[in-house]
$ cat model-v5.cif   # mmCIF, C-alpha atoms and all ligand atoms
data_protein
loop_
_atom_site.label_atom_id
_atom_site.label_comp_id
_atom_site.auth_asym_id
_atom_site.auth_seq_id
_atom_site.Cartn_x
_atom_site.Cartn_y
_atom_site.Cartn_z
CA MET A 1 13.94 -4.07 -42.83
CA LYS A 2 10.67 -3.90 -44.68
CA LEU A 3 8.03 -1.50 -43.52
CA THR A 4 5.56 -4.33 -42.88
CA SER A 5 7.93 -6.17 -40.52
CA LYS A 6 8.66 -2.91 -38.72
CA LEU A 7 4.94 -2.39 -38.28
CA ILE A 8 4.50 -5.94 -36.99
CA MET A 9 7.29 -5.45 -34.45
CA LEU A 10 5.78 -2.19 -33.33
CA ALA A 11 2.37 -3.76 -32.95
CA SER A 12 3.68 -6.68 -30.88
CA ALA A 13 5.66 -4.31 -28.67
CA ALA A 14 2.52 -2.27 -28.10
CA ALA A 15 0.56 -5.44 -27.32
CA LEU A 16 3.19 -6.49 -24.77
CA ILE A 17 3.12 -3.13 -23.04
CA PHE A 18 -0.66 -3.17 -23.04
CA THR A 19 -0.74 -6.62 -21.36
CA ALA A 20 1.82 -5.52 -18.79
CA ILE A 21 -0.27 -2.49 -17.87
CA THR A 22 -3.64 -4.21 -17.76
CA SER A 23 -2.62 -7.48 -16.03
CA PRO A 24 -3.84 -7.66 -12.46
CA VAL A 25 -1.18 -7.71 -9.78
CA TYR A 26 -1.32 -10.93 -7.80
CA ALA A 27 1.44 -10.03 -5.35
CA GLU A 28 0.57 -10.98 -1.80
CA GLN A 29 -0.46 -7.98 0.24
CA ALA A 30 1.82 -7.17 3.16
CA PRO A 31 0.35 -8.59 6.39
CA TYR A 32 1.39 -5.45 8.34
CA THR A 33 1.36 -1.70 8.13
CA VAL A 34 4.12 0.55 9.38
CA THR A 35 3.53 4.24 9.80
CA ASN A 36 5.84 7.04 10.99
CA GLY A 37 8.86 4.78 10.71
CA ASN A 38 8.22 2.51 13.69
CA GLU A 39 4.49 2.35 14.39
CA LEU A 40 2.91 -1.03 13.78
CA ASP A 41 -0.73 -1.93 13.29
CA ALA A 42 -2.30 -3.54 16.37
CA GLU A 43 -1.99 -7.14 15.11
CA SER A 44 1.67 -6.93 14.17
CA TYR A 45 2.37 -5.16 17.43
CA LYS A 46 0.83 -8.13 19.24
CA GLY A 47 3.27 -10.22 17.23
CA PHE A 48 6.18 -8.15 18.46
CA LYS A 49 5.06 -8.57 22.08
CA LEU A 50 4.72 -12.33 21.67
CA PHE A 51 8.08 -12.42 20.00
CA ARG A 52 9.67 -10.52 22.87
CA ASN A 53 8.10 -12.88 25.41
CA TRP A 54 8.85 -16.20 23.76
CA CYS A 55 11.38 -15.93 20.98
CA ALA A 56 13.70 -13.00 21.65
CA ARG A 57 15.92 -14.85 24.13
CA CYS A 58 17.18 -17.03 21.29
CA HIS A 59 16.49 -15.00 18.16
CA GLY A 60 17.48 -11.54 19.48
CA THR A 61 15.23 -8.75 20.76
CA TYR A 62 14.11 -7.76 17.25
CA GLY A 63 14.73 -11.08 15.50
CA GLN A 64 18.21 -10.13 14.38
CA GLY A 65 19.61 -13.46 15.57
CA MET A 66 21.58 -14.77 18.54
CA VAL A 67 21.80 -18.51 19.30
CA GLY A 68 18.88 -18.87 16.92
CA PRO A 69 19.10 -17.60 13.34
CA ASN A 70 18.23 -14.10 12.13
CA LEU A 71 14.51 -14.41 11.42
CA ALA A 72 14.37 -11.23 9.36
CA ASP A 73 16.59 -13.11 6.90
CA SER A 74 14.73 -16.39 7.29
CA LEU A 75 11.37 -14.86 6.46
CA ASN A 76 12.69 -13.79 3.09
CA VAL A 77 13.35 -17.45 2.36
CA ILE A 78 10.82 -19.67 4.12
CA THR A 79 7.11 -19.77 3.31
CA LYS A 80 4.38 -18.85 5.74
CA LYS A 81 3.37 -22.51 5.86
CA SER A 82 6.88 -23.57 6.79
CA PHE A 83 7.03 -20.82 9.43
CA PHE A 84 3.80 -22.12 10.97
CA ASN A 85 5.12 -25.70 10.91
CA THR A 86 8.50 -24.87 12.37
CA VAL A 87 6.97 -22.91 15.21
CA LYS A 88 4.54 -25.72 15.94
CA ASN A 89 7.01 -28.61 15.77
CA GLY A 90 10.35 -26.98 16.54
CA LYS A 91 13.48 -27.52 14.54
CA ALA A 92 16.77 -29.30 15.04
CA GLY A 93 19.37 -28.45 12.45
CA THR A 94 22.91 -27.31 11.87
CA ILE A 95 22.55 -24.17 13.99
CA GLY A 96 21.02 -25.76 17.05
CA SER A 97 17.62 -26.82 18.16
CA MET A 98 14.39 -25.07 18.90
CA PRO A 99 11.71 -26.61 21.08
CA PRO A 100 8.23 -27.19 19.63
CA TRP A 101 5.58 -24.63 20.62
CA LYS A 102 2.49 -26.77 20.03
CA THR A 103 1.53 -26.85 23.71
CA ASN A 104 1.88 -23.08 24.10
CA VAL A 105 -1.60 -21.72 23.31
CA LYS A 106 -0.45 -18.09 23.23
CA VAL A 107 2.25 -18.79 20.69
CA MET A 108 0.09 -21.15 18.62
CA GLU A 109 -2.79 -18.68 18.45
CA GLY A 110 -0.41 -15.81 17.79
CA ARG A 111 1.46 -17.36 14.87
CA ASP A 112 -0.22 -15.03 12.39
CA HIS A 113 0.77 -12.01 14.46
CA LEU A 114 4.31 -13.28 14.89
CA TYR A 115 4.51 -13.80 11.16
CA SER A 116 3.27 -10.26 10.45
CA TYR A 117 5.83 -8.66 12.74
CA LEU A 118 8.69 -10.75 11.36
CA LYS A 119 7.58 -10.11 7.79
CA ALA A 120 7.77 -6.37 8.48
CA ARG A 121 11.31 -6.95 9.74
CA ALA A 122 12.16 -9.12 6.72
CA ASP A 123 10.91 -6.50 4.28
CA GLY A 124 12.88 -3.82 6.09
CA ALA A 125 9.62 -1.95 6.79
CA ILE A 126 10.75 -1.78 10.40
CA GLY A 127 14.34 -2.04 11.56
CA VAL A 128 16.24 -3.33 14.56
CA GLU A 129 14.42 -0.95 16.87
CA LYS A 130 11.61 -0.90 19.37
CA PRO A 131 8.29 -0.64 17.56
CA LYS A 132 5.32 1.34 18.87
CA LYS A 133 1.67 0.59 18.49
CA ALA A 134 0.10 3.00 16.01
CA LYS A 135 -2.59 5.24 17.49
CA LYS A 136 -5.81 5.39 15.59
C1 LIG B 201 15.67 -21.99 22.95
C2 LIG B 201 15.98 -21.11 21.86
C3 LIG B 201 14.89 -20.75 20.89
C4 LIG B 201 13.68 -20.17 21.16
C5 LIG B 201 13.12 -19.74 22.49
C6 LIG B 201 13.05 -19.98 19.86
N1 LIG B 201 13.83 -20.46 18.86
FE1 LIG B 201 13.41 -20.48 16.87
N2 LIG B 201 15.13 -21.46 16.50
C7 LIG B 201 16.12 -21.74 17.44
C8 LIG B 201 17.24 -22.38 16.77
C9 LIG B 201 18.55 -22.82 17.42
C10 LIG B 201 16.89 -22.50 15.40
C11 LIG B 201 17.72 -23.09 14.27
C12 LIG B 201 17.52 -24.58 14.10
C13 LIG B 201 18.44 -25.06 13.01
O1 LIG B 201 18.03 -24.95 11.84
O2 LIG B 201 19.55 -25.47 13.34
C14 LIG B 201 15.57 -21.89 15.28
C15 LIG B 201 14.86 -21.81 14.09
C16 LIG B 201 13.68 -21.12 13.93
C17 LIG B 201 13.00 -20.95 12.66
C18 LIG B 201 13.43 -21.53 11.33
C19 LIG B 201 14.29 -20.54 10.60
C20 LIG B 201 14.71 -21.02 9.24
O3 LIG B 201 15.39 -20.25 8.55
O4 LIG B 201 14.36 -22.14 8.88
C21 LIG B 201 11.89 -20.22 12.90
C22 LIG B 201 10.85 -19.77 11.88
C23 LIG B 201 11.87 -19.91 14.31
N3 LIG B 201 12.97 -20.48 14.90
C24 LIG B 201 10.90 -19.16 14.93
C25 LIG B 201 10.81 -18.99 16.30
C26 LIG B 201 9.71 -18.32 16.96
C27 LIG B 201 8.55 -17.64 16.26
C28 LIG B 201 9.95 -18.41 18.31
C29 LIG B 201 9.08 -17.92 19.43
C30 LIG B 201 7.75 -18.46 19.49
C31 LIG B 201 11.21 -19.11 18.48
N4 LIG B 201 11.70 -19.45 17.25
C32 LIG B 201 11.79 -19.39 19.70
C33 LIG B 201 16.06 -21.47 18.77
C34 LIG B 201 14.98 -20.93 19.44
#

$ encode --input "model-v5.cif" --output "structure tokens"
Amino acid sequence: MKLTSKLIMLASAAALIFTAITSPVYAEQAPYTVTNGNELDAESYKGFKLFRNWCARCHGTYGQGMVGPNLADSLNVITKKSFFNTVKNGKAGTIGSMPPWKTNVKVMEGRDHLYSYLKARADGAIGVEKPKKAKK
């Protein structure tokens, strides 16, 4: 290989690395924080409490699944928008059927919190265990 082509290759490699380092990261920020293994921020902890009250009887105490699907798995697949829609309108599918929650103000207003808790479960930030509320 000629020296000039080697130099060109080197220069383009350097340019690539430079772009990789300087490009901003657009990844969505996690909607929760977990500290000391099982301590959730206040909002996500609210989500856990709502989950326990309204969802756990079908989806398992920590979302691990029962008659309803494992939501820790689901939240790695479905979008936040689809989560919001499904909770609002319910879902009838191959697994079974879930009632709509649109008339339940607590659930409807807590969808963000529910999502945060379940996202923490989906990311494995918190396991199949009882979370605590982080002290500040
Ligand atoms: C009466 C039982 C029951 C309750 C209570 C229940 N669900 Fe469900 N849910 C189901 C079933 C069954 C499905 C699966 C429907 C299908 O696809 O066959 C489901 C599906 C879902 C899905 C879609 C999962 C996916 O992969 O598409 C989401 C999200 C969900 N539930 C969230 C919730 C939340 C949040 C609550 C509490 C507010 C809740 N569910 C309460 C039974 C229930």

$ closest_atom_pairs --input "model-v5.cif" --of "chain A" --to "ligand LIG 201 (chain B)" --cutoff "6 Å" --atoms "only C-alpha atoms and all ligand atoms" --output "tab-separated table"
residue	atom	partner	partner_atom	distance
A:Phe51	CA	B:LIG201	C29	5.6
A:Trp54	CA	B:LIG201	C29	4.7
A:Cys55	CA	B:LIG201	C29	3.4
A:Arg57	CA	B:LIG201	C5	5.9
A:Cys58	CA	B:LIG201	C2	4.3
A:Val67	CA	B:LIG201	C9	5.7
A:Gly68	CA	B:LIG201	C8	3.9
A:Pro69	CA	B:LIG201	C11	5.7
A:Ser74	CA	B:LIG201	O3	4.1
A:Phe83	CA	B:LIG201	C22	4.7
A:Thr86	CA	B:LIG201	C22	5.6
A:Val87	CA	B:LIG201	C24	5.4
A:Lys91	CA	B:LIG201	C12	5.0
A:Ala92	CA	B:LIG201	C12	4.9
A:Gly93	CA	B:LIG201	O2	3.1
A:Thr94	CA	B:LIG201	O2	4.1
A:Ile95	CA	B:LIG201	O2	3.3
A:Gly96	CA	B:LIG201	C9	3.9
A:Ser97	CA	B:LIG201	C9	4.2
A:Met98	CA	B:LIG201	C33	4.0
A:Val107	CA	B:LIG201	C30	5.6

$ closest_residue --input "model-v5.cif" --among "A:Arg52, A:Leu3, A:Ser44, A:Lys88" --to "Asn104 (chain A)" --atoms "only C-alpha atoms"
A:Lys88

$ residues_around --input "model-v5.cif" --residues "Ala42 (chain A)" --least-positions-apart "6" --cutoff "10 Å" --atoms "all atoms listed in the file" --output "list in words"
Tyr32, Thr33, Phe48, His113, Lys132, Lys133, Ala134, Lys135 and Lys136 of chain A

$ write_last_selection --input "model-v5.cif" --atoms "C-alpha atoms" --output "PDB file, in the coordinates of the input"
ATOM      1  CA  TYR A  32       1.390  -5.450   8.340  1.00  0.00           C
ATOM      2  CA  THR A  33       1.360  -1.700   8.130  1.00  0.00           C
ATOM      3  CA  PHE A  48       6.180  -8.150  18.460  1.00  0.00           C
ATOM      4  CA  HIS A 113       0.770 -12.010  14.460  1.00  0.00           C
ATOM      5  CA  LYS A 132       5.320   1.340  18.870  1.00  0.00           C
ATOM      6  CA  LYS A 133       1.670   0.590  18.490  1.00  0.00           C
ATOM      7  CA  ALA A 134       0.100   3.000  16.010  1.00  0.00           C
ATOM      8  CA  LYS A 135      -2.590   5.240  17.490  1.00  0.00           C
ATOM      9  CA  LYS A 136      -5.810   5.390  15.590  1.00  0.00           C
TER      10      LYS A 136
END

$ residues_around --input "model-v5.cif" --residues "Pro31 (chain A)" --least-positions-apart "6" --cutoff "10 Å" --atoms "all atoms listed in the file" --output "PyMOL selection string"
chain A and resi 41+43-44+112-113+115-120

$ atom_distance --input "model-v5.cif" --atom1 "CA of Lys49 (chain A)" --atom2 "CA of Gln29 (chain A)"
22.5 Å

$ residues_around --input "model-v5.cif" --residues "Lys130 (chain A)" --least-positions-apart "6" --cutoff "10 Å" --atoms "only C-alpha atoms" --output "ChimeraX atom specification"
/A:38-39,48,61-62
